[in-house]
file final_17.txt (compact mmCIF, C-alpha atoms)
# COMPACT_ATOMS: atom_id res chain seq x y z
CA MET M 1 -5.38 3.45 6.55
CA VAL M 2 -2.27 5.20 7.77
CA ILE M 3 -0.96 7.72 5.26
CA SER M 4 0.11 11.07 6.59
CA ASN M 5 -0.85 13.03 3.51
CA GLU M 6 -4.54 13.10 2.47
CA PRO M 7 -3.90 13.80 -1.26
CA TRP M 8 -1.42 10.91 -1.37
CA TYR M 9 -3.98 8.65 0.32
CA LYS M 10 -6.60 9.48 -2.32
CA PHE M 11 -4.09 8.97 -5.13
CA VAL M 12 -3.03 5.54 -3.86
CA LEU M 13 -6.61 4.34 -3.45
CA GLN M 14 -7.70 5.58 -6.87
CA ARG M 15 -4.61 4.69 -8.87
CA PHE M 16 -3.96 1.22 -7.50
CA GLY M 17 -7.46 0.17 -6.38
CA ILE M 18 -6.39 -1.33 -3.06
CA LYS M 19 -9.09 0.03 -0.77
CA HIS M 20 -11.25 -3.12 -0.93
CA GLU M 21 -8.34 -5.36 0.08
CA ILE M 22 -7.35 -3.06 2.94
CA MET M 23 -10.89 -2.92 4.28
CA ASN M 24 -11.34 -6.72 4.07
CA ARG M 25 -7.92 -7.94 5.15
CA GLY M 26 -6.83 -4.98 7.24
CA TYR M 27 -3.65 -4.39 5.29
CA VAL M 28 -2.08 -4.84 1.88
CA VAL M 29 1.39 -5.60 0.55
CA ALA M 30 1.43 -4.69 -3.12
CA ILE M 31 4.42 -4.78 -5.46
CA LEU M 32 3.35 -3.26 -8.75
CA ASN M 33 4.97 -2.23 -12.00
CA ASN M 34 5.79 1.47 -12.17
CA PRO M 35 3.57 2.84 -14.94
CA HIS M 36 6.10 5.58 -15.75
CA ASN M 37 9.36 3.63 -15.59
CA SER M 38 9.49 -0.14 -16.12
CA ASP M 39 12.93 -0.31 -14.47
CA PHE M 40 11.32 0.35 -11.08
CA LYS M 41 8.48 -1.07 -8.99
CA VAL M 42 5.89 0.65 -6.80
CA ILE M 43 5.75 -0.93 -3.33
CA ILE M 44 2.71 -0.22 -1.20
CA LEU M 45 2.59 -1.28 2.44
CA ALA M 46 -0.66 0.01 3.90
CA GLY M 47 -3.05 -0.77 6.72
CA LYS M 48 -6.25 0.58 8.22
CA ASP M 49 -4.33 1.57 11.35
CA TYR M 50 -0.83 1.42 12.80
CA ILE M 51 -1.21 -2.20 13.95
CA HIS M 52 -2.26 -3.39 10.49
CA THR M 53 0.42 -1.28 8.82
CA LYS M 54 3.01 -3.01 11.02
CA LYS M 55 1.64 -6.36 9.82
CA ALA M 56 2.15 -5.25 6.22
CA VAL M 57 5.72 -4.13 6.95
CA ASP M 58 6.48 -7.36 8.81
CA GLU M 59 5.12 -9.48 5.95
CA PHE M 60 7.14 -7.53 3.39
CA MET M 61 10.35 -7.75 5.43
CA SER M 62 9.94 -11.49 6.01
CA LYS M 63 10.03 -11.98 2.23
CA ALA M 64 12.96 -9.62 1.63
call {"tool": "encode", "arguments": {"input": "final_17.txt", "output": "structure tokens"}}
result
Amino acid sequence: MVISNEPWYKFVLQRFGIKHEIMNRGYVVAILNNPHNSDFKVIILAGKDYIHTKKAVDEFMSKA
């Protein structure tokens, strides 16, 4: 998974439980409710490597 900051990586995996999907599919596009402010969403585009992360970004942008 490509996240430049190790503490952020651990937070994302623990808080949003997306590790299983990333490991099985290679990437994840997740649009979640912000637990601290319902006016905003949390958008996670993550992959096991740069190629899979690009797939997540491409999928997200195709729906935008």
call {"tool": "residues_near_point", "arguments": {"input": "final_17.txt", "point": "(-5.4, -3.7, 7.0)", "cutoff": "6 Å", "atoms": "all atoms listed in the file", "output": "MDAnalysis selection string"}}
result
chainID M and resid 22 25:27 47:48 52
call {"tool": "atom_distance", "arguments": {"input": "final_17.txt", "atom1": "atom CA of Asp39 of chain M", "atom2": "atom CA of Glu21 of chain M"}}
result
26.3 Å
call {"tool": "closest_residue", "arguments": {"input": "final_17.txt", "among": "M:Lys10, M:Val29, M:His36, M:Asn24", "to": "Met61 of chain M", "atoms": "only C-alpha atoms"}}
result
M:Val29
call {"tool": "atom_distance", "arguments": {"input": "final_17.txt", "atom1": "atom CA of Val28 of chain M", "atom2": "atom CA of Thr53 of chain M"}}
result
8.2 Å
call {"tool": "closest_residue", "arguments": {"input": "final_17.txt", "among": "M:Ile18, M:Met23, M:Leu13, M:Leu32", "to": "Asp49 of chain M", "atoms": "all atoms listed in the file"}}
result
M:Met23
call {"tool": "atom_distance", "arguments": {"input": "final_17.txt", "atom1": "atom CA of Asn34 of chain M", "atom2": "atom CA of Phe16 of chain M"}}
result
10.8 Å
call {"tool": "residues_around", "arguments": {"input": "final_17.txt", "residues": "Ala30 of chain M", "least_positions_apart": "4", "cutoff": "7 Å", "atoms": "all atoms listed in the file", "output": "PDB file with C-alpha atoms, in the frame of the given file"}}
result
ATOM      1  CA  ILE M  43       5.750  -0.930  -3.330  1.00  0.00           C
ATOM      2  CA  ILE M  44       2.710  -0.220  -1.200  1.00  0.00           C
ATOM      3  CA  LEU M  45       2.590  -1.280   2.440  1.00  0.00           C
TER       4      LEU M  45
END
call {"tool": "closest_residue", "arguments": {"input": "final_17.txt", "among": "M:Ile31, M:Val57, M:Ile51, M:Ala46", "to": "Lys19 of chain M", "atoms": "all atoms listed in the file"}}
result
M:Ala46
